[in-house]
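Input: a single structure, listed below in structure tokens.
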Protein chains: 2
Amino acid sequence: MTGTRGTTRIQKRNRATILEAALEVFAAHGFRGATVDQIAAAAGLSKPNLLYYFTSKEAMHAALLEGLLDTWLDPLRALDADGDPMQELLGYMHRKLEMSRDFPRESRLFANEILQGAPRILSALNDDLKPLVDDKVRIIEGWMDAGKIARVHPYHLIFSIWAHTQHYADFEVQARAVLGGEDPLDGAAQFLDHVYRRLLTP
Amino acid sequence: MTGTRGTTRIQKRNRATILEAALEVFAAHGFRGATVDQIAAAAGLSKPNLLYYFTSKEAMHAALLEGLLDTWLDPLRALDADGDPMQELLGYMHRKLEMSRDFPRESRLFANEILQGAPRILSALNDDLKPLVDDKVRIIEGWMDAGKIARVHPYHLIFSIWAHTQHYADFEVQARAVLGGEDPLDGAAQFLDHVYRRLLTP
DNA sequence: CGTGGGTTTGACCAGTTGGTCAAATTGATC
DNA sequence: GATCAATTTGACCAACTGGTCAAACCCACG
């Protein structure tokens with residue numbers, strides 16, 4: 001496709017188009033539920049053309065997952081040891097909540113992968129996710145030792161934030177049904193702000 | 001298969017065996033990711049034999065989902081307006097958490113269905129789930145009005161409990177990776193008890 | 001023990017799916 | 001505008017999938 005030179009303008013455009021379509025379809029139907037034909041239709045390209053840019057359906061899925069975990073963890077990386085503890089933790093929660101609103105398809109893609117046992121990103125969970133969380137937990141424990149925030153199990157605190165934000169993205173249909181059509185995320189920010197403020201106030 | 005008489009002993013046994021196998025496979029791979037052959041292998045029966053007891057793959061899935069929502073909501077139904085508010089709400093949370101431990105496959109089956117947009121149980125969410133939640137929310141609001149528990153958004157309080165318990169069941173792989181192999185549910189009960197006690201104490 | 005319904009299965013089928021390939025078309029560069 | 005690589009596609013294939021069916025098998029009951 002490209003001899004020894006870098007990527008073409010066309011390549012760049014088509015790769016992006018394909019990944020956008022693949023995200024849409026994988027998020028809606030899961031890996032096995034998605035078909036290359038569906039992705040091709042969503043991308044407005046022919047099936048053989050997709051397989052000219054990505055060697056397989058697997059490759060498209062892998063390309064999406066590759067960047068995802070990184071993006072997903074960016075808010076946690078931003079947790080600053082030198083900031084105000086309550087502000088930092090609430091800020092982290094709010095950023096994650098914004099991602100639930102802005103990237104629901106990415107959230108579902110991730111959820112699908114974890115639900116199947118994380119076969120394709122288990123190593124990344126151990127190699128990248130765990131060290132990062134361990135690092136941030138140490139910061140949080142420092143804040144607790146200093147009496148800046150109340151003492152709670154720091155790992156479960158993070159799980160709790162993940163649980164909430166993932167739930168509002170992935171289970172939106174259910175929450176919306178219960179609320180009679182109202183957008184669940186409308187009240188979520190205020191509720192969660194209150195929950196964690198109350199939990200962490202010393 | 002059975003003329004006019006009731007179900008045979010063999011039927012009862014095989015139906016149960018098949019549903020058990022189907023739950024295992026559907027929970028692990030989702031509806032489209034599961035194959036009838038896989039279920040047959042897991043059940044130790046031949047594929048045509050499965051289709052003798054269930055008219056289609058869809059029918060097996062439907063049979064599983066049918067009872068699931070009911071089972072899933074049993075703990076919420078048990079929420080007693082006449083009980084002690086804090087005890088009732090903490091008890092509900094703990095019962096849900098026990099279900100995460102005891103029925104992780106059912107939890108994943110449910111999660112898969114919701115993730116795909118709840119195509120097969122959306123009507124049940126509106127017809128059964130919503131009225132039940134509405135009813136219990138009224139009870140909770142009564143407790144808040146009476147000053148027995150702190151005032152929080154009651155719907156989001158329920159979402160919060162769902163989010164936590166669903167997370168510990170469906171994202172177990174991730175949480176376990178972060179904890180370095182330790183069972184996430186070990187510390188969950190104590191953490192959540194603390195969270196909701198602190199949140200709801202007036 | 002035979003008989004009739006309940007049960008099981010090997011062989012089979014049509015539709016779908018991921019992927020291939022040679023040929024055609026397009027685009028950039030001189 | 002000639003040339004060659006990059007791009008696109010129609011036709012095709014092998015494997016898989018859900019489902020069918022006639023024939024075989026088993027089991028209770030007389």
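Within each chain, counting starts at residue 1; across the structure tokens, chains are named A, B, ... in the order shown, with ligands numbered 1 upward in that order.
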
task: Write out as a PyMOL selection string all residues of region 111-178 of chain B that backbone DSSP assigns to helix (DSSP H, G or I).
output: chain B and resi 111-115+122-145+154-170+172-178

- request: Tell me the residues of chain A close to chain B, meaning within 9 Å using only C-alpha atoms, as a ChimeraX atom specification.
  value: /A:27-34,108,111-112,114-118,122,125-126,129-131,133-134,152-153,155-157,159-160,162-168,170-175,177-180,184,187-188,191-192,194-196,198-199

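Using only C-alpha atoms (C1' of nucleotides), the part of chain A that sits within 9 Å of chain C is made up of Thr35, Val36, Asp37, Pro48, Leu51, Ser56 and Lys57 of chain A.
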
For C-alpha atoms, I'd like the residues from the last selection saved as a short mmCIF file (atom, residue, chain, number, x, y, z; two decimals), in the first residue's frame.
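Written output follows (result-v9.cif):
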```cif
data_model
loop_
_atom_site.label_atom_id
_atom_site.label_comp_id
_atom_site.auth_asym_id
_atom_site.auth_seq_id
_atom_site.Cartn_x
_atom_site.Cartn_y
_atom_site.Cartn_z
CA THR A 35 -19.65 -8.05 10.82
CA VAL A 36 -17.12 -6.62 8.41
CA ASP A 37 -19.99 -5.94 6.02
CA PRO A 48 -12.34 -5.66 0.36
CA LEU A 51 -9.31 -5.33 4.37
CA SER A 56 -8.45 -8.47 9.45
CA LYS A 57 -11.51 -7.73 11.54
#
```

- prompt: Taking into account only C-alpha atoms (C1' of nucleotides), which residue in the set D:DG30, D:DA6, D:DC25, D:DG19 is nearest to chain B?
  reply: D:DG19

- request: Compile the residues of chain D that lie within 10 Å of chain B, evaluated using only C-alpha atoms (C1' of nucleotides), and express the compilation as a VMD selection string.
  value: chain D and resid 16 to 20

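Among the candidates B:Pro202, B:Pro75, B:Glu141, B:Asp80, the residue lying nearest to Met93 (chain B) is B:Pro75 (atoms considered: only C-alpha atoms).
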
Got a sec: who's within 12 Å of Ile139 (chain B), counting only C-alpha atoms (C1' of nucleotides), leaving out chain neighbours fewer than 6 positions off, as an mmCIF file with all heavy atoms, in the first residue's frame?
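selection09.cif was written with the following content:
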```cif
data_model
loop_
_atom_site.group_PDB
_atom_site.id
_atom_site.type_symbol
_atom_site.label_atom_id
_atom_site.label_comp_id
_atom_site.auth_asym_id
_atom_site.auth_seq_id
_atom_site.Cartn_x
_atom_site.Cartn_y
_atom_site.Cartn_z
ATOM 1 N N LEU B 76 -35.007 -5.968 45.656
ATOM 2 C CA LEU B 76 -35.652 -4.655 45.740
ATOM 3 C C LEU B 76 -37.100 -4.797 46.224
ATOM 4 O O LEU B 76 -37.579 -3.989 47.027
ATOM 5 C CB LEU B 76 -35.621 -3.967 44.362
ATOM 6 C CG LEU B 76 -36.149 -2.527 44.327
ATOM 7 C CD1 LEU B 76 -35.432 -1.652 45.341
ATOM 8 C CD2 LEU B 76 -36.005 -1.930 42.929
ATOM 9 N N ARG B 77 -37.753 -5.857 45.748
ATOM 10 C CA ARG B 77 -39.126 -6.110 46.191
ATOM 11 C C ARG B 77 -39.185 -6.270 47.707
ATOM 12 O O ARG B 77 -40.160 -5.897 48.355
ATOM 13 C CB ARG B 77 -39.671 -7.382 45.534
ATOM 14 C CG ARG B 77 -40.286 -7.116 44.180
ATOM 15 C CD ARG B 77 -41.112 -8.277 43.667
ATOM 16 N NE ARG B 77 -41.099 -8.211 42.201
ATOM 17 C CZ ARG B 77 -40.223 -8.838 41.452
ATOM 18 N NH1 ARG B 77 -39.322 -9.636 41.993
ATOM 19 N NH2 ARG B 77 -40.248 -8.689 40.139
ATOM 20 N N LEU B 79 -37.650 -4.719 49.896
ATOM 21 C CA LEU B 79 -37.486 -3.467 50.648
ATOM 22 C C LEU B 79 -38.789 -3.133 51.368
ATOM 23 O O LEU B 79 -39.809 -2.876 50.717
ATOM 24 C CB LEU B 79 -37.092 -2.330 49.693
ATOM 25 C CG LEU B 79 -36.508 -1.083 50.345
ATOM 26 C CD1 LEU B 79 -35.038 -1.292 50.661
ATOM 27 C CD2 LEU B 79 -36.672 0.127 49.414
ATOM 28 N N ASP B 80 -38.753 -3.116 52.677
ATOM 29 C CA ASP B 80 -39.974 -3.034 53.476
ATOM 30 C C ASP B 80 -40.188 -1.630 54.042
ATOM 31 O O ASP B 80 -39.357 -1.119 54.788
ATOM 32 C CB ASP B 80 -39.875 -4.066 54.607
ATOM 33 C CG ASP B 80 -41.129 -4.081 55.465
ATOM 34 O OD1 ASP B 80 -42.112 -3.409 55.087
ATOM 35 O OD2 ASP B 80 -41.114 -4.760 56.508
ATOM 36 N N ALA B 81 -41.319 -1.048 53.685
ATOM 37 C CA ALA B 81 -41.634 0.304 54.140
ATOM 38 C C ALA B 81 -41.715 0.392 55.659
ATOM 39 O O ALA B 81 -41.489 1.448 56.236
ATOM 40 C CB ALA B 81 -42.954 0.770 53.524
ATOM 41 N N ASP B 82 -42.013 -0.737 56.288
ATOM 42 C CA ASP B 82 -42.194 -0.712 57.744
ATOM 43 C C ASP B 82 -40.920 -1.038 58.522
ATOM 44 O O ASP B 82 -40.909 -0.995 59.749
ATOM 45 C CB ASP B 82 -43.294 -1.716 58.146
ATOM 46 C CG ASP B 82 -44.631 -1.327 57.534
ATOM 47 O OD1 ASP B 82 -44.865 -0.108 57.364
ATOM 48 O OD2 ASP B 82 -45.424 -2.233 57.209
ATOM 49 N N GLY B 83 -39.871 -1.406 57.799
ATOM 50 C CA GLY B 83 -38.614 -1.723 58.473
ATOM 51 C C GLY B 83 -37.848 -0.469 58.838
ATOM 52 O O GLY B 83 -38.278 0.658 58.552
ATOM 53 N N ASP B 84 -36.698 -0.667 59.479
ATOM 54 C CA ASP B 84 -35.834 0.465 59.797
ATOM 55 C C ASP B 84 -35.160 0.935 58.514
ATOM 56 O O ASP B 84 -34.515 0.141 57.827
ATOM 57 C CB ASP B 84 -34.765 0.045 60.813
ATOM 58 C CG ASP B 84 -33.766 1.157 61.051
ATOM 59 O OD1 ASP B 84 -34.152 2.182 61.643
ATOM 60 O OD2 ASP B 84 -32.600 1.011 60.598
ATOM 61 N N PRO B 85 -35.303 2.217 58.167
ATOM 62 C CA PRO B 85 -34.817 2.740 56.879
ATOM 63 C C PRO B 85 -33.363 2.377 56.599
ATOM 64 O O PRO B 85 -33.065 1.807 55.537
ATOM 65 C CB PRO B 85 -35.009 4.242 57.017
ATOM 66 C CG PRO B 85 -36.177 4.375 57.932
ATOM 67 C CD PRO B 85 -36.043 3.247 58.910
ATOM 68 N N GLU B 88 -32.940 -1.330 56.108
ATOM 69 C CA GLU B 88 -33.552 -1.787 54.861
ATOM 70 C C GLU B 88 -32.657 -1.487 53.662
ATOM 71 O O GLU B 88 -32.428 -2.355 52.813
ATOM 72 C CB GLU B 88 -34.922 -1.124 54.667
ATOM 73 C CG GLU B 88 -36.003 -1.643 55.603
ATOM 74 C CD GLU B 88 -36.323 -3.116 55.341
ATOM 75 O OE1 GLU B 88 -36.371 -3.501 54.158
ATOM 76 O OE2 GLU B 88 -36.509 -3.881 56.309
ATOM 77 N N LEU B 89 -32.140 -0.264 53.617
ATOM 78 C CA LEU B 89 -31.333 0.130 52.456
ATOM 79 C C LEU B 89 -29.984 -0.582 52.455
ATOM 80 O O LEU B 89 -29.538 -1.055 51.416
ATOM 81 C CB LEU B 89 -31.154 1.651 52.440
ATOM 82 C CG LEU B 89 -32.420 2.402 52.007
ATOM 83 C CD1 LEU B 89 -32.291 3.901 52.268
ATOM 84 C CD2 LEU B 89 -32.712 2.151 50.515
ATOM 85 N N LEU B 132 -41.907 -0.792 39.768
ATOM 86 C CA LEU B 132 -41.347 -1.257 41.040
ATOM 87 C C LEU B 132 -40.436 -0.199 41.653
ATOM 88 O O LEU B 132 -40.536 0.117 42.854
ATOM 89 C CB LEU B 132 -40.572 -2.560 40.832
ATOM 90 C CG LEU B 132 -39.840 -3.080 42.064
ATOM 91 C CD1 LEU B 132 -40.825 -3.438 43.170
ATOM 92 C CD2 LEU B 132 -38.976 -4.304 41.713
ATOM 93 N N VAL B 133 -39.542 0.354 40.823
ATOM 94 C CA VAL B 133 -38.625 1.369 41.337
ATOM 95 C C VAL B 133 -39.409 2.601 41.796
ATOM 96 O O VAL B 133 -39.133 3.149 42.877
ATOM 97 C CB VAL B 133 -37.573 1.752 40.273
ATOM 98 C CG1 VAL B 133 -36.729 2.913 40.769
ATOM 99 C CG2 VAL B 133 -36.701 0.553 39.938
ATOM 100 N N ASP B 145 -38.551 12.333 54.157
ATOM 101 C CA ASP B 145 -39.456 13.348 54.686
ATOM 102 C C ASP B 145 -39.545 13.251 56.212
ATOM 103 O O ASP B 145 -39.634 14.260 56.907
ATOM 104 C CB ASP B 145 -40.862 13.176 54.082
ATOM 105 C CG ASP B 145 -40.885 13.536 52.608
ATOM 106 O OD1 ASP B 145 -39.940 14.217 52.152
ATOM 107 O OD2 ASP B 145 -41.836 13.132 51.899
ATOM 108 N N ALA B 146 -39.510 12.019 56.687
ATOM 109 C CA ALA B 146 -39.608 11.814 58.139
ATOM 110 C C ALA B 146 -38.285 12.043 58.863
ATOM 111 O O ALA B 146 -38.200 11.880 60.075
ATOM 112 C CB ALA B 146 -40.109 10.396 58.415
ATOM 113 N N LYS B 148 -35.659 10.235 58.725
ATOM 114 C CA LYS B 148 -35.010 8.992 59.175
ATOM 115 C C LYS B 148 -33.667 8.772 58.478
ATOM 116 O O LYS B 148 -32.763 8.132 59.032
ATOM 117 C CB LYS B 148 -35.921 7.800 58.875
ATOM 118 C CG LYS B 148 -37.326 7.944 59.432
ATOM 119 C CD LYS B 148 -37.394 7.494 60.879
ATOM 120 C CE LYS B 148 -38.848 7.511 61.355
ATOM 121 N NZ LYS B 148 -39.130 6.479 62.351
ATOM 122 N N ILE B 149 -33.559 9.235 57.256
ATOM 123 C CA ILE B 149 -32.289 9.157 56.519
ATOM 124 C C ILE B 149 -32.049 10.490 55.831
ATOM 125 O O ILE B 149 -32.988 11.279 55.659
ATOM 126 C CB ILE B 149 -32.282 8.027 55.465
ATOM 127 C CG1 ILE B 149 -33.491 8.174 54.535
ATOM 128 C CG2 ILE B 149 -32.259 6.643 56.110
ATOM 129 C CD1 ILE B 149 -33.491 7.205 53.380
ATOM 130 N N PRO B 154 -33.343 9.924 45.234
ATOM 131 C CA PRO B 154 -33.613 8.508 45.476
ATOM 132 C C PRO B 154 -33.353 7.615 44.258
ATOM 133 O O PRO B 154 -32.861 6.491 44.415
ATOM 134 C CB PRO B 154 -35.091 8.489 45.870
ATOM 135 C CG PRO B 154 -35.660 9.761 45.342
ATOM 136 C CD PRO B 154 -34.553 10.759 45.335
ATOM 137 N N TYR B 155 -33.659 8.095 43.064
ATOM 138 C CA TYR B 155 -33.408 7.278 41.881
ATOM 139 C C TYR B 155 -31.907 7.037 41.696
ATOM 140 O O TYR B 155 -31.464 5.921 41.441
ATOM 141 C CB TYR B 155 -33.992 7.944 40.622
ATOM 142 C CG TYR B 155 -35.500 7.839 40.549
ATOM 143 C CD1 TYR B 155 -36.306 8.887 40.968
ATOM 144 C CD2 TYR B 155 -36.104 6.687 40.064
ATOM 145 C CE1 TYR B 155 -37.689 8.790 40.901
ATOM 146 C CE2 TYR B 155 -37.488 6.582 39.987
ATOM 147 C CZ TYR B 155 -38.276 7.642 40.406
ATOM 148 O OH TYR B 155 -39.636 7.540 40.347
#
```

field: Two-atom distance - CA of His61 (chain B), CA of Leu23 (chain B) (Å)
entry: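 About the pair CA of His61 (chain B) and CA of Leu23 (chain B): they are 8.2 Å apart.
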
task: Between CA of Arg151 (chain B) and CA of Tyr92 (chain A), measure the distance and give it in Å to one decimal.
output: 24.4 Å

Nearest-residue call for Thr7 (chain A), choices A:Trp143, A:Tyr53, A:Phe26, A:Phe110, using only C-alpha atoms: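 Between A:Trp143, A:Tyr53, A:Phe26, A:Phe110, the residue approaching Thr7 (chain A) most closely is A:Tyr53.
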